[in-house]
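Listing of model_10.cif; format and content: mmCIF, C-alpha atoms (C1' of nucleotides).
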data_run
loop_
_atom_site.label_atom_id
_atom_site.label_comp_id
_atom_site.auth_asym_id
_atom_site.auth_seq_id
_atom_site.Cartn_x
_atom_site.Cartn_y
_atom_site.Cartn_z
CA MET S 1 -34.10 20.31 -25.39
CA THR S 2 -35.16 17.50 -23.08
CA ARG S 3 -33.89 16.27 -19.77
CA ASP S 4 -32.93 13.04 -21.52
CA GLU S 5 -30.62 14.73 -23.97
CA ILE S 6 -28.90 16.54 -21.15
CA LEU S 7 -28.35 13.33 -19.21
CA ILE S 8 -26.98 11.55 -22.24
CA ALA S 9 -24.64 14.39 -23.06
CA ALA S 10 -23.52 14.59 -19.46
CA ALA S 11 -22.85 10.86 -19.30
CA GLN S 12 -20.72 11.14 -22.38
CA ILE S 13 -18.57 13.92 -20.95
CA PHE S 14 -18.40 12.33 -17.51
CA SER S 15 -17.18 9.12 -19.09
CA GLN S 16 -14.50 11.01 -20.99
CA LYS S 17 -13.18 13.44 -18.42
CA GLY S 18 -14.57 12.21 -15.15
CA PHE S 19 -17.23 13.83 -13.01
CA HIS S 20 -15.12 16.37 -11.17
CA ALA S 21 -13.25 17.43 -14.29
CA THR S 22 -16.53 18.15 -16.05
CA SER S 23 -18.07 21.56 -15.50
CA MET S 24 -21.67 22.53 -15.94
CA GLN S 25 -20.35 24.82 -18.63
CA ASP S 26 -19.07 21.78 -20.53
CA ILE S 27 -22.46 20.11 -20.35
CA ALA S 28 -24.31 23.25 -21.37
CA GLN S 29 -22.04 23.68 -24.36
CA ALA S 30 -22.63 20.08 -25.44
CA VAL S 31 -26.38 20.64 -25.65
CA ASN S 32 -26.16 24.18 -27.00
CA LEU S 33 -27.56 25.90 -23.97
CA GLN S 34 -26.37 28.48 -21.51
CA LYS S 35 -25.22 27.06 -18.23
CA ALA S 36 -28.07 28.70 -16.32
CA SER S 37 -30.61 27.12 -18.66
CA LEU S 38 -29.57 23.67 -17.55
CA TYR S 39 -31.07 24.37 -14.15
CA HIS S 40 -34.48 24.59 -15.69
CA HIS S 41 -34.25 20.83 -16.38
CA ILE S 42 -32.11 19.59 -13.54
CA SER S 43 -31.56 20.82 -10.04
CA SER S 44 -27.86 20.13 -9.46
CA LYS S 45 -24.78 18.46 -10.83
CA GLN S 46 -25.11 15.69 -8.28
CA GLU S 47 -28.62 14.99 -9.49
CA ILE S 48 -27.32 14.40 -12.98
CA LEU S 49 -24.82 11.91 -11.64
CA VAL S 50 -27.42 10.09 -9.56
CA GLU S 51 -29.76 9.73 -12.47
CA VAL S 52 -27.04 8.55 -14.82
CA LEU S 53 -25.96 5.94 -12.28
CA ASP S 54 -29.53 4.78 -11.72
CA ARG S 55 -30.16 4.44 -15.42
CA ALA S 56 -26.96 2.52 -15.99
CA LEU S 57 -27.55 0.11 -13.15
CA GLY S 58 -31.20 -0.27 -14.06
CA LEU S 59 -30.33 -1.14 -17.62
CA LEU S 60 -27.85 -3.77 -16.48
CA ILE S 61 -30.11 -5.34 -13.86
CA CYS S 62 -32.93 -5.48 -16.37
CA ASN S 63 -30.84 -7.24 -19.01
CA MET S 64 -29.32 -9.62 -16.50
CA GLU S 65 -32.55 -10.70 -14.81
CA GLU S 66 -33.89 -11.66 -18.19
CA VAL S 67 -31.09 -14.18 -18.50
CA MET S 68 -31.11 -15.37 -14.91
CA GLU S 69 -34.80 -16.19 -15.05
CA GLY S 70 -34.25 -18.71 -17.80
CA ASP S 71 -33.86 -22.41 -17.01
CA SER S 72 -30.68 -23.30 -18.87
CA PRO S 73 -28.06 -25.39 -17.08
CA PRO S 74 -25.63 -23.28 -15.04
CA ASP S 75 -22.72 -23.33 -17.47
CA GLU S 76 -24.94 -22.33 -20.35
CA MET S 77 -26.59 -19.67 -18.24
CA LEU S 78 -23.19 -18.30 -17.26
CA ARG S 79 -22.34 -18.00 -20.94
CA GLN S 80 -25.54 -16.09 -21.54
CA ALA S 81 -25.04 -13.91 -18.49
CA ILE S 82 -21.52 -12.99 -19.54
CA ARG S 83 -22.76 -12.22 -22.99
CA ALA S 84 -25.63 -10.07 -21.76
CA TYR S 85 -23.37 -8.17 -19.38
CA VAL S 86 -20.49 -7.55 -21.76
CA VAL S 87 -22.70 -6.58 -24.66
CA THR S 88 -24.82 -4.25 -22.53
CA ILE S 89 -21.75 -2.55 -21.11
CA LEU S 90 -19.97 -2.16 -24.41
CA GLU S 91 -23.03 -0.98 -26.27
CA ASN S 92 -23.78 1.62 -23.61
CA ARG S 93 -20.27 2.72 -22.90
CA ASP S 94 -20.98 6.20 -21.62
CA LEU S 95 -23.53 5.11 -19.06
CA SER S 96 -21.45 2.12 -18.03
CA ALA S 97 -18.21 4.00 -17.67
CA VAL S 98 -19.88 6.44 -15.32
CA LEU S 99 -21.42 3.59 -13.34
CA LEU S 100 -18.15 1.74 -13.01
CA LEU S 101 -15.68 4.57 -12.60
CA GLU S 102 -17.49 7.62 -11.28
CA HIS S 103 -19.79 6.29 -8.60
CA ARG S 104 -17.38 7.36 -5.90
CA SER S 105 -18.03 10.98 -6.84
CA LEU S 106 -21.45 10.63 -5.30
CA GLU S 107 -21.88 12.61 -2.13
CA ALA S 108 -21.80 10.55 1.05
CA GLU S 109 -25.51 10.13 1.60
CA LEU S 110 -26.40 9.36 -2.01
CA HIS S 111 -23.47 6.98 -2.13
CA THR S 112 -24.63 4.90 0.81
CA ARG S 113 -28.03 4.76 -0.81
CA HIS S 114 -26.52 3.58 -4.08
CA VAL S 115 -24.16 0.89 -2.84
CA PRO S 116 -26.82 -1.66 -1.79
CA HIS S 117 -28.10 -1.78 -5.36
CA ARG S 118 -24.65 -2.75 -6.51
CA ASP S 119 -24.37 -5.46 -3.88
CA GLN S 120 -27.73 -6.76 -4.96
CA PHE S 121 -26.45 -6.96 -8.49
CA GLU S 122 -23.31 -8.82 -7.45
CA GLN S 123 -25.53 -11.20 -5.50
CA LEU S 124 -27.22 -12.25 -8.75
CA TRP S 125 -23.85 -13.51 -9.95
CA ARG S 126 -23.02 -15.23 -6.68
CA ASP S 127 -26.34 -17.07 -6.84
CA LEU S 128 -25.67 -18.20 -10.36
CA LEU S 129 -22.29 -19.54 -9.34
CA LYS S 130 -23.73 -21.22 -6.29
CA ARG S 131 -26.31 -23.04 -8.37
CA GLY S 132 -23.55 -24.23 -10.64
CA ILE S 133 -21.54 -25.55 -7.73
CA GLU S 134 -24.49 -27.34 -6.19
CA ALA S 135 -25.25 -28.89 -9.54
CA GLY S 136 -21.67 -30.16 -9.64
CA VAL S 137 -20.90 -28.20 -12.79
CA PHE S 138 -18.62 -25.55 -11.29
CA GLU S 139 -15.79 -25.86 -8.86
CA THR S 140 -14.18 -23.00 -6.95
CA ALA S 141 -12.82 -22.52 -3.45
CA GLU S 142 -13.92 -18.89 -3.10
CA PRO S 143 -17.11 -18.23 -5.06
CA ALA S 144 -17.38 -14.58 -3.97
CA MET S 145 -13.86 -13.90 -5.17
CA THR S 146 -14.43 -15.77 -8.41
CA VAL S 147 -17.41 -13.53 -9.12
CA ARG S 148 -15.25 -10.49 -8.54
CA ALA S 149 -12.57 -11.82 -10.86
CA LEU S 150 -15.17 -12.33 -13.53
CA LEU S 151 -16.79 -8.95 -13.04
CA GLY S 152 -13.37 -7.31 -12.95
CA ALA S 153 -12.32 -8.79 -16.26
CA MET S 154 -15.57 -7.69 -17.85
CA ASN S 155 -15.70 -4.25 -16.25
CA TRP S 156 -12.15 -3.52 -17.27
CA ALA S 157 -13.15 -3.95 -20.89
CA ILE S 158 -14.73 -0.50 -20.65
CA THR S 159 -11.20 0.91 -20.42
CA TRP S 160 -9.80 -0.73 -23.55
CA TYR S 161 -12.70 -1.60 -25.85
CA ARG S 162 -12.93 0.50 -28.99
CA PRO S 163 -15.94 0.07 -31.29
CA ASP S 164 -13.71 0.45 -34.33
CA GLY S 165 -11.36 -2.25 -33.06
CA PRO S 166 -11.14 -5.82 -34.36
CA LEU S 167 -13.25 -7.40 -31.62
CA SER S 168 -17.02 -7.08 -31.39
CA PRO S 169 -18.73 -7.08 -28.00
CA GLY S 170 -20.23 -10.47 -28.79
CA LYS S 171 -16.87 -11.95 -29.71
CA ILE S 172 -15.31 -10.56 -26.56
CA ALA S 173 -18.10 -12.03 -24.45
CA ASP S 174 -17.68 -15.46 -25.99
CA GLU S 175 -13.94 -15.42 -25.46
CA PHE S 176 -14.41 -14.39 -21.85
CA ALA S 177 -16.90 -17.18 -21.30
CA GLY S 178 -14.56 -19.72 -22.83
CA LEU S 179 -11.63 -18.48 -20.79
CA PHE S 180 -13.45 -18.54 -17.48
CA LEU S 181 -15.15 -21.87 -18.06
CA THR S 182 -12.27 -23.88 -19.44
CA GLY S 183 -9.18 -21.97 -18.44
CA LEU S 184 -6.01 -21.15 -20.24
CA ARG S 185 -4.21 -24.45 -19.86
CA ARG S 186 -4.34 -26.74 -22.81
CA ARG S 187 -5.98 -30.06 -22.12
CA ASP S 188 -5.63 -33.48 -23.70
CA GLY S 189 -2.11 -32.65 -24.85
CA SER S 190 -1.23 -34.77 -27.86
CA MET P 1 9.21 17.67 5.32
CA THR P 2 10.51 15.88 2.24
CA ARG P 3 9.30 15.62 -1.28
CA ASP P 4 8.72 11.94 -0.66
CA GLU P 5 6.31 12.48 2.17
CA ILE P 6 4.33 14.89 0.06
CA LEU P 7 4.09 12.42 -2.81
CA ILE P 8 2.99 9.62 -0.53
CA ALA P 9 0.39 11.78 1.14
CA ALA P 10 -0.84 12.99 -2.22
CA ALA P 11 -1.10 9.46 -3.57
CA GLN P 12 -3.18 8.50 -0.59
CA ILE P 13 -5.64 11.34 -1.06
CA PHE P 14 -5.75 10.95 -4.85
CA SER P 15 -6.57 7.28 -4.40
CA GLN P 16 -9.40 8.15 -2.02
CA LYS P 17 -11.05 11.13 -3.66
CA GLY P 18 -9.61 11.18 -7.15
CA PHE P 19 -7.18 13.68 -8.63
CA HIS P 20 -9.60 16.42 -9.58
CA ALA P 21 -11.49 16.21 -6.31
CA THR P 22 -8.26 16.69 -4.37
CA SER P 23 -7.11 20.26 -3.76
CA MET P 24 -3.62 21.44 -3.04
CA GLN P 25 -5.09 22.58 0.24
CA ASP P 26 -5.99 18.97 1.04
CA ILE P 27 -2.46 17.81 0.36
CA ALA P 28 -0.92 20.64 2.35
CA GLN P 29 -3.12 19.86 5.29
CA ALA P 30 -2.16 16.18 5.18
CA VAL P 31 1.52 17.03 5.58
CA ASN P 32 0.96 19.96 7.98
CA LEU P 33 2.12 22.68 5.63
CA GLN P 34 0.62 25.75 4.11
CA LYS P 35 -0.41 25.38 0.51
CA ALA P 36 2.24 27.85 -0.63
CA SER P 37 4.95 25.79 1.03
CA LEU P 38 4.14 22.80 -1.15
CA TYR P 39 5.43 24.72 -4.13
CA HIS P 40 8.85 24.82 -2.56
CA HIS P 41 9.05 21.05 -3.08
CA ILE P 42 6.99 20.53 -6.20
CA SER P 43 6.21 22.76 -9.14
CA SER P 44 2.59 21.89 -9.91
CA LYS P 45 -0.25 19.54 -9.14
CA GLN P 46 0.32 17.78 -12.44
CA GLU P 47 3.93 17.14 -11.48
CA ILE P 48 2.78 15.31 -8.38
CA LEU P 49 0.53 13.12 -10.47
CA VAL P 50 3.25 12.37 -13.00
CA GLU P 51 5.69 11.35 -10.32
CA VAL P 52 3.17 9.18 -8.52
CA LEU P 53 2.33 7.43 -11.78
CA ASP P 54 5.98 6.92 -12.64
CA ARG P 55 6.73 5.44 -9.25
CA ALA P 56 3.77 3.12 -9.36
CA LEU P 57 4.55 1.85 -12.83
CA GLY P 58 8.25 1.58 -12.05
CA LEU P 59 7.55 -0.49 -8.98
CA LEU P 60 5.35 -2.87 -10.96
CA ILE P 61 7.70 -3.23 -13.91
CA CYS P 62 10.59 -3.88 -11.56
CA ASN P 63 8.73 -6.61 -9.67
CA MET P 64 7.44 -8.21 -12.85
CA GLU P 65 10.73 -8.31 -14.72
CA GLU P 66 12.24 -10.17 -11.83
CA VAL P 67 9.72 -12.95 -12.41
CA MET P 68 9.81 -12.88 -16.20
CA GLU P 69 13.56 -13.31 -16.26
CA GLY P 70 13.35 -16.66 -14.50
CA ASP P 71 13.33 -19.92 -16.46
CA SER P 72 10.29 -21.68 -15.05
CA PRO P 73 7.86 -23.34 -17.47
CA PRO P 74 5.18 -20.95 -18.74
CA ASP P 75 2.35 -22.11 -16.52
CA GLU P 76 4.51 -21.88 -13.43
CA MET P 77 5.81 -18.51 -14.51
CA LEU P 78 2.26 -17.27 -15.04
CA ARG P 79 1.46 -18.30 -11.48
CA GLN P 80 4.46 -16.35 -10.23
CA ALA P 81 3.66 -13.35 -12.41
CA ILE P 82 0.08 -13.20 -11.19
CA ARG P 83 1.29 -13.48 -7.63
CA ALA P 84 3.91 -10.74 -8.05
CA TYR P 85 1.40 -8.42 -9.71
CA VAL P 86 -1.48 -8.93 -7.32
CA VAL P 87 0.68 -8.73 -4.22
CA THR P 88 2.49 -5.61 -5.44
CA ILE P 89 -0.76 -3.88 -6.27
CA LEU P 90 -2.51 -4.78 -3.06
CA GLU P 91 0.43 -3.95 -0.84
CA ASN P 92 0.84 -0.56 -2.51
CA ARG P 93 -2.78 0.33 -2.86
CA ASP P 94 -2.44 4.10 -2.93
CA LEU P 95 0.16 4.17 -5.68
CA SER P 96 -1.62 1.48 -7.65
CA ALA P 97 -5.06 3.01 -7.40
CA VAL P 98 -3.71 6.25 -8.82
CA LEU P 99 -1.91 4.39 -11.60
CA LEU P 100 -4.98 2.40 -12.56
CA LEU P 101 -7.77 4.91 -12.06
CA GLU P 102 -6.29 8.41 -12.28
CA HIS P 103 -3.93 8.29 -15.22
CA ARG P 104 -6.51 9.88 -17.45
CA SER P 105 -6.22 13.05 -15.38
CA LEU P 106 -2.82 13.60 -16.93
CA GLU P 107 -2.70 16.54 -19.29
CA ALA P 108 -2.61 15.60 -22.95
CA GLU P 109 1.11 15.81 -23.55
CA LEU P 110 2.15 14.04 -20.39
CA HIS P 111 -0.48 11.43 -21.08
CA THR P 112 0.84 10.57 -24.51
CA ARG P 113 4.28 10.29 -22.98
CA HIS P 114 2.97 7.96 -20.30
CA VAL P 115 0.90 5.55 -22.37
CA PRO P 116 3.79 3.81 -24.15
CA HIS P 117 5.16 2.68 -20.79
CA ARG P 118 1.87 0.99 -20.07
CA ASP P 119 1.83 -0.71 -23.45
CA GLN P 120 5.33 -1.90 -22.80
CA PHE P 121 4.13 -3.41 -19.56
CA GLU P 122 1.21 -5.15 -21.22
CA GLN P 123 3.62 -6.50 -23.79
CA LEU P 124 5.46 -8.38 -21.05
CA TRP P 125 2.30 -10.32 -20.38
CA ARG P 126 1.58 -10.95 -24.04
CA ASP P 127 5.07 -12.36 -24.45
CA LEU P 128 4.58 -14.64 -21.50
CA LEU P 129 1.35 -15.93 -22.96
CA LYS P 130 2.92 -16.38 -26.37
CA ARG P 131 5.71 -18.49 -24.96
CA GLY P 132 3.12 -20.65 -23.25
CA ILE P 133 1.20 -21.13 -26.47
CA GLU P 134 4.30 -22.00 -28.46
CA ALA P 135 5.30 -24.47 -25.78
CA GLY P 136 1.86 -26.07 -26.15
CA VAL P 137 0.96 -25.34 -22.55
CA PHE P 138 -1.62 -22.61 -23.16
CA GLU P 139 -4.45 -22.42 -25.60
CA THR P 140 -6.36 -19.28 -26.49
CA ALA P 141 -7.83 -17.82 -29.65
CA GLU P 142 -7.14 -14.18 -28.78
CA PRO P 143 -4.00 -13.85 -26.65
CA ALA P 144 -4.14 -10.05 -26.48
CA MET P 145 -7.68 -10.17 -25.19
CA THR P 146 -6.87 -12.91 -22.73
CA VAL P 147 -4.14 -10.74 -21.27
CA ARG P 148 -6.62 -7.93 -20.86
CA ALA P 149 -9.11 -10.21 -19.15
CA LEU P 150 -6.40 -11.29 -16.75
CA LEU P 151 -5.17 -7.79 -16.08
CA GLY P 152 -8.74 -6.59 -15.68
CA ALA P 153 -9.57 -9.18 -13.06
CA MET P 154 -6.41 -8.29 -11.14
CA ASN P 155 -6.70 -4.54 -11.52
CA TRP P 156 -10.27 -4.58 -10.39
CA ALA P 157 -9.16 -6.05 -7.09
CA ILE P 158 -7.98 -2.56 -6.15
CA THR P 159 -11.63 -1.54 -5.97
CA TRP P 160 -12.81 -4.27 -3.58
CA TYR P 161 -9.79 -5.54 -1.64
CA ARG P 162 -9.72 -4.55 2.03
CA PRO P 163 -6.63 -5.36 4.09
CA ASP P 164 -8.83 -6.27 7.04
CA GLY P 165 -10.90 -8.65 4.93
CA PRO P 166 -10.72 -12.43 5.00
CA LEU P 167 -8.51 -12.80 1.93
CA SER P 168 -4.79 -12.03 1.88
CA PRO P 169 -3.17 -10.73 -1.30
CA GLY P 170 -1.28 -14.02 -1.63
CA LYS P 171 -4.44 -16.05 -1.32
CA ILE P 172 -6.21 -13.90 -3.85
CA ALA P 173 -3.33 -14.27 -6.28
CA ASP P 174 -3.35 -18.06 -5.96
CA GLU P 175 -7.08 -18.25 -6.51
CA PHE P 176 -6.79 -16.04 -9.58
CA ALA P 177 -4.02 -18.22 -10.97
CA GLY P 178 -6.06 -21.36 -10.40
CA LEU P 179 -9.14 -19.85 -11.98
CA PHE P 180 -7.39 -18.63 -15.10
CA LEU P 181 -5.34 -21.75 -15.60
CA THR P 182 -7.95 -24.41 -15.02
CA GLY P 183 -11.24 -22.60 -15.39
CA LEU P 184 -14.45 -22.75 -13.47
CA ARG P 185 -15.89 -25.92 -14.94
CA ARG P 186 -15.45 -29.02 -12.90
CA ARG P 187 -13.49 -31.74 -14.61
CA ASP P 188 -13.46 -35.51 -14.19
CA GLY P 189 -17.07 -35.46 -13.04
CA SER P 190 -17.75 -38.51 -10.91
"C1'" DG N 1 33.93 34.99 19.00
"C1'" DC N 2 31.44 37.52 15.88
"C1'" DC N 3 29.60 39.13 11.83
"C1'" DT N 4 28.10 38.62 7.10
"C1'" DC N 5 26.22 35.99 3.53
"C1'" DC N 6 23.54 32.56 1.67
"C1'" DC N 7 20.35 28.86 1.48
"C1'" DT N 8 16.51 25.84 2.69
"C1'" DA N 9 12.06 25.72 4.38
"C1'" DC N 10 8.18 27.89 5.33
"C1'" DC N 11 4.38 31.41 5.74
"C1'" DG N 12 0.32 34.92 5.11
"C1'" DA N 13 -1.67 37.51 1.67
"C1'" DC N 14 -2.98 37.77 -2.62
"C1'" DC N 15 -4.15 36.96 -7.78
"C1'" DA N 16 -6.92 35.69 -11.78
"C1'" DT N 17 -9.93 32.30 -12.96
"C1'" DT N 18 -13.39 28.95 -12.61
"C1'" DC N 19 -16.75 26.72 -10.09
"C1'" DG N 20 -21.83 25.45 -9.01
"C1'" DG N 21 -25.70 27.85 -8.54
"C1'" DT N 22 -29.33 32.02 -8.37
"C1'" DA N 23 -32.20 36.11 -9.80
"C1'" DG N 24 -34.67 38.33 -12.88
"C1'" DT N 25 -35.95 39.03 -17.71
"C1'" DT N 26 -37.16 37.87 -22.46
"C1'" DT N 27 -39.05 34.81 -26.01
"C1'" DA N 28 -42.32 32.05 -28.13
"C1'" DA N 29 -45.88 28.67 -28.36
"C1'" DG N 30 -50.60 27.28 -26.99
"C1'" DC I 1 -52.70 35.54 -20.78
"C1'" DT I 2 -50.15 31.89 -19.29
"C1'" DT I 3 -46.46 29.08 -19.09
"C1'" DA I 4 -42.32 26.58 -20.34
"C1'" DA I 5 -37.85 27.37 -21.84
"C1'" DA I 6 -34.49 29.93 -22.79
"C1'" DC I 7 -31.48 34.03 -21.88
"C1'" DT I 8 -28.16 37.79 -19.57
"C1'" DA I 9 -26.03 39.03 -15.58
"C1'" DC I 10 -24.39 38.01 -11.46
"C1'" DC I 11 -22.93 35.80 -6.78
"C1'" DG I 12 -19.90 33.82 -3.09
"C1'" DA I 13 -16.73 30.28 -2.63
"C1'" DA I 14 -12.99 27.66 -4.00
"C1'" DT I 15 -9.29 26.66 -7.11
"C1'" DG I 16 -4.19 26.36 -8.68
"C1'" DG I 17 -0.55 29.14 -8.32
"C1'" DT I 18 2.52 33.47 -7.13
"C1'" DC I 19 4.57 37.06 -4.30
"C1'" DG I 20 7.42 39.22 -0.93
"C1'" DG I 21 9.13 38.22 3.19
"C1'" DT I 22 11.11 35.67 7.31
"C1'" DA I 23 13.13 32.26 10.68
"C1'" DG I 24 17.02 29.70 11.35
"C1'" DG I 25 21.01 27.11 10.45
"C1'" DG I 26 25.59 26.49 8.53
"C1'" DA I 27 30.03 28.45 5.97
"C1'" DG I 28 33.65 31.40 5.75
"C1'" DG I 29 36.41 35.71 6.58
"C1'" DC I 30 38.64 38.41 10.03
#
As C-alpha cells, please, write out the structure in this file.
Amino acid sequence: MTRDEILIAAAQIFSQKGFHATSMQDIAQAVNLQKASLYHHISSKQEILVEVLDRALGLLICNMEEVMEGDSPPDEMLRQAIRAYVVTILENRDLSAVLLLEHRSLEAELHTRHVPHRDQFEQLWRDLLKRGIEAGVFETAEPAMTVRALLGAMNWAITWYRPDGPLSPGKIADEFAGLFLTGLRRRDGS
Amino acid sequence: MTRDEILIAAAQIFSQKGFHATSMQDIAQAVNLQKASLYHHISSKQEILVEVLDRALGLLICNMEEVMEGDSPPDEMLRQAIRAYVVTILENRDLSAVLLLEHRSLEAELHTRHVPHRDQFEQLWRDLLKRGIEAGVFETAEPAMTVRALLGAMNWAITWYRPDGPLSPGKIADEFAGLFLTGLRRRDGS
DNA sequence: GCCTCCCTACCGACCATTCGGTAGTTTAAG
DNA sequence: CTTAAACTACCGAATGGTCGGTAGGGAGGC
C-alpha cells in the first residue's frame, strides 16, 4: 500500500460524499487497511485534503501553462485553453471535484495559503483575455467577470458530466469554445 | 422563535460551512436555543435540509415561470430569464448556495425524490432554447449542453459574488446575457 | 375570582454511536 | 537485528437525537 493509492482512494470518496461526510474508516476500507494503519502513511485527514488539492491544482496549472506558452492568436489559444481545461477536469474527475467543491473544508490557515494559488490560476485566464482584447479579437466590458462566466460553465461540468454519456470531454470543450466565441444568436439570417 | 427563523439561520450556516460540517449545536446557538429545543420545531437535521432545498427551488421556479409565460421573442425572453435567475440567486444567496452545493447531502430516498424537480427546472430552459432555435433566432449544435453551460456560468456566481463588490446582480446578469447571446469575438472588425 | 387543565415552548441531562487520532504490539522482508 | 507496515485495542470529544420535566399563558367550569 502506497501513499499514492491512499490519496487517490480518498479523492474518490471525497468527490462522492464530500470531505466532512467521509470518515477515515471509509478511506481505510477502500484501501483494505485498518483505520489506524492509515496514519503510518499520512498524518491527518486535513493533510490528505491538502495534498489532493495541491495535486489537482498542480495538474491543471501544468496543462494550462503548456497551452498559454504557445504563440497562437488569442482566439485560437482560447480554444486550446478551454480544451485543455475541460479535458483535464473531466479526465481527472475525482481530483477536480475535490478541488472545485471541497476546498472550503480546508482549515483556516491552510485555506488562506491555498487561495492565492487559485487566484494565480484565474490570472492566467484574465491575461489571455486581455491579450485578445488588445489584439482587437475579443470584446467584453468586464473581462474579469467574463473569465468567471467561462470558468463557471466549465467547472459546473464536473457536476453533470458522465463518462458513459453521449458527449466526450473533447466534444464538450469544442462546443463550449464555439458558444463563448460566437454566441448563441444566429448570424447572417437568411 | 419560529420554524422560519430556524430554517433561515440553518440555511445561512449550511451555506457557509456545508451541511455535514454544521452541527445542530451550531444552529441552536444561532437562534439562541438549546439543541433539544430545536426538536420541538423540526424533527431532524435532514428535515431542515429538505425544507431549505424545497424553498430555494420553489422560489426559483416561481420567479422563472413568471418570465417564461410572457410572449417576448426568444432572445429577449432569454435576457429576462437570465436576469430573473441571476438576481434571484444572488439576492437569496444562503438558500441558493444550499440548493446548488448541498443537495447531495440529502439521504438517498429524499435525494431521488428531489432530483426530478431539478430536471423539471432545467427543462424550462431547454424549452426556451428550443423555441429560439425553431424561430431561427438561436443556433447551437447541442442545446442540452448549451443550457448546462449557461446554468453553470450563472450557478458558479454563487461562489464568487460579494454584495459589497463592484458588480450588482443586475449588471452581472446583463453581462452574462450579452456574452452568451453575442459571444466574445469582436464583430465588424474595422 | 379562582382553580384546574392543557398546550406551546423550552431546558438540562443523558444516550448510543461515531469521530479523528494514539499507543503498543505483531508480522514479515531485507 | 532492524525496520517498515500492518494490526488490535483504545481514547476523549463531539455528534444527532431523546427523555422527563418545567415555566407560563390561555380556556373553561364553578
Find the residues of chain S that sit at most 8 Å from chain I; for each, write down the nearest two atoms and how far apart they are in Å, to one decimal. Count only C-alpha atoms (C1' of nucleotides). Sort by chain, then by number going up, and give it as a tab-separated table.
residue	atom	partner	partner_atom	distance
S:Gln34	CA	I:DC7	C1'	7.6
S:Ser37	CA	I:DA6	C1'	6.3
S:His40	CA	I:DA5	C1'	7.5
- Message: Can you pull out the residues contacting Glu134 of chain P? Cut-off 10 Å, using only C-alpha atoms (C1' of nucleotides), and skip same-chain residues under 5 positions away; I want them as a VMD selection string.
- Response: chain P and resid 74 129 139
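If we count only C-alpha atoms (C1' of nucleotides), these residues of chain S sit within 10 Å of chain N: Ser23, Met24, Gln25, Lys35, Ala36, Tyr39, Ser43, Ser44 and Lys45 of chain S.
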- Around (-0.6, -14.8, -26.2) in the file's own coordinates, what residues are found within 8 Å if you use only C-alpha atoms (C1' of nucleotides), given back as an MDAnalysis selection string? chainID P and resid 125:133 140 142:144 146:147
Output C-alpha atoms for every residue in the selection just made, as an mmCIF file, in the coordinates of the input.
data_model
loop_
_atom_site.group_PDB
_atom_site.id
_atom_site.type_symbol
_atom_site.label_atom_id
_atom_site.label_comp_id
_atom_site.auth_asym_id
_atom_site.auth_seq_id
_atom_site.Cartn_x
_atom_site.Cartn_y
_atom_site.Cartn_z
ATOM 1 C CA TRP P 125 2.300 -10.320 -20.380
ATOM 2 C CA ARG P 126 1.580 -10.950 -24.040
ATOM 3 C CA ASP P 127 5.070 -12.360 -24.450
ATOM 4 C CA LEU P 128 4.580 -14.640 -21.500
ATOM 5 C CA LEU P 129 1.350 -15.930 -22.960
ATOM 6 C CA LYS P 130 2.920 -16.380 -26.370
ATOM 7 C CA ARG P 131 5.710 -18.490 -24.960
ATOM 8 C CA GLY P 132 3.120 -20.650 -23.250
ATOM 9 C CA ILE P 133 1.200 -21.130 -26.470
ATOM 10 C CA THR P 140 -6.360 -19.280 -26.490
ATOM 11 C CA GLU P 142 -7.140 -14.180 -28.780
ATOM 12 C CA PRO P 143 -4.000 -13.850 -26.650
ATOM 13 C CA ALA P 144 -4.140 -10.050 -26.480
ATOM 14 C CA THR P 146 -6.870 -12.910 -22.730
ATOM 15 C CA VAL P 147 -4.140 -10.740 -21.270
#
- Item | Residue list for chain P near chain S as number ranges by chain, 8 Å, only C-alpha atoms | P: 17, 20-21, 75, 101, 104-105, 136-142, 145-146, 148-157, 172, 175-176, 179-186, 189
Resolved residues for the PyMOL selection byres ((chain S and resi 85) around 8) as an mmCIF file with C-alpha atoms, in the frame of the given file:
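part01.cif, freshly written:
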data_model
loop_
_atom_site.group_PDB
_atom_site.id
_atom_site.type_symbol
_atom_site.label_atom_id
_atom_site.label_comp_id
_atom_site.auth_asym_id
_atom_site.auth_seq_id
_atom_site.Cartn_x
_atom_site.Cartn_y
_atom_site.Cartn_z
ATOM 1 C CA LEU S 60 -27.850 -3.770 -16.480
ATOM 2 C CA ASN S 63 -30.840 -7.240 -19.010
ATOM 3 C CA MET S 64 -29.320 -9.620 -16.500
ATOM 4 C CA ALA S 81 -25.040 -13.910 -18.490
ATOM 5 C CA ILE S 82 -21.520 -12.990 -19.540
ATOM 6 C CA ARG S 83 -22.760 -12.220 -22.990
ATOM 7 C CA ALA S 84 -25.630 -10.070 -21.760
ATOM 8 C CA VAL S 86 -20.490 -7.550 -21.760
ATOM 9 C CA VAL S 87 -22.700 -6.580 -24.660
ATOM 10 C CA THR S 88 -24.820 -4.250 -22.530
ATOM 11 C CA ILE S 89 -21.750 -2.550 -21.110
ATOM 12 C CA MET S 154 -15.570 -7.690 -17.850
#
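Atom CA of Leu124 of chain S is positioned 14.7 Å from atom CA of Asp71 of chain S.
From atom CA of Leu7 of chain P back to atom CA of Ile48 of chain P, the distance works out to 6.4 Å.
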- Could you jot down the atom CA of Glu47 of chain S to atom CA of Phe14 of chain S separation for me, Å, one decimal place? 13.3 Å
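Using only C-alpha atoms for every distance, the candidate list S:Arg3, S:His103, S:Arg113, S:Lys171 yields S:Arg3 as the residue closest to His41 of chain S.
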Exercise on segment 12-29 of chain N, axis-aligned box with 3 Å per side, report centre and edge lengths in Å to one decimal, as AutoDock Vina command-line options:
--center_x -22.8 --center_y 32.2 --center_z -11.6 --size_x 52.2 --size_y 19.6 --size_z 39.5
With a distance cut-off of 9 Å and all atoms listed in the file, select the neighbouring residues of Ala11 of chain S, excluding the residue or stretch itself and same-chain residues fewer than 6 positions from it, and output the selection as a JSON list (two decimals) with C-alpha atoms, in the frame of the given file.
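Dumped to result04.json:
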[["chain", "number", "residue", "atom", "x", "y", "z"],
["S", 19, "PHE", "CA", -17.23, 13.83, -13.01],
["S", 48, "ILE", "CA", -27.32, 14.40, -12.98],
["S", 49, "LEU", "CA", -24.82, 11.91, -11.64],
["S", 52, "VAL", "CA", -27.04, 8.55, -14.82],
["S", 94, "ASP", "CA", -20.98, 6.20, -21.62],
["S", 95, "LEU", "CA", -23.53, 5.11, -19.06],
["S", 96, "SER", "CA", -21.45, 2.12, -18.03],
["S", 97, "ALA", "CA", -18.21, 4.00, -17.67],
["S", 98, "VAL", "CA", -19.88, 6.44, -15.32]]
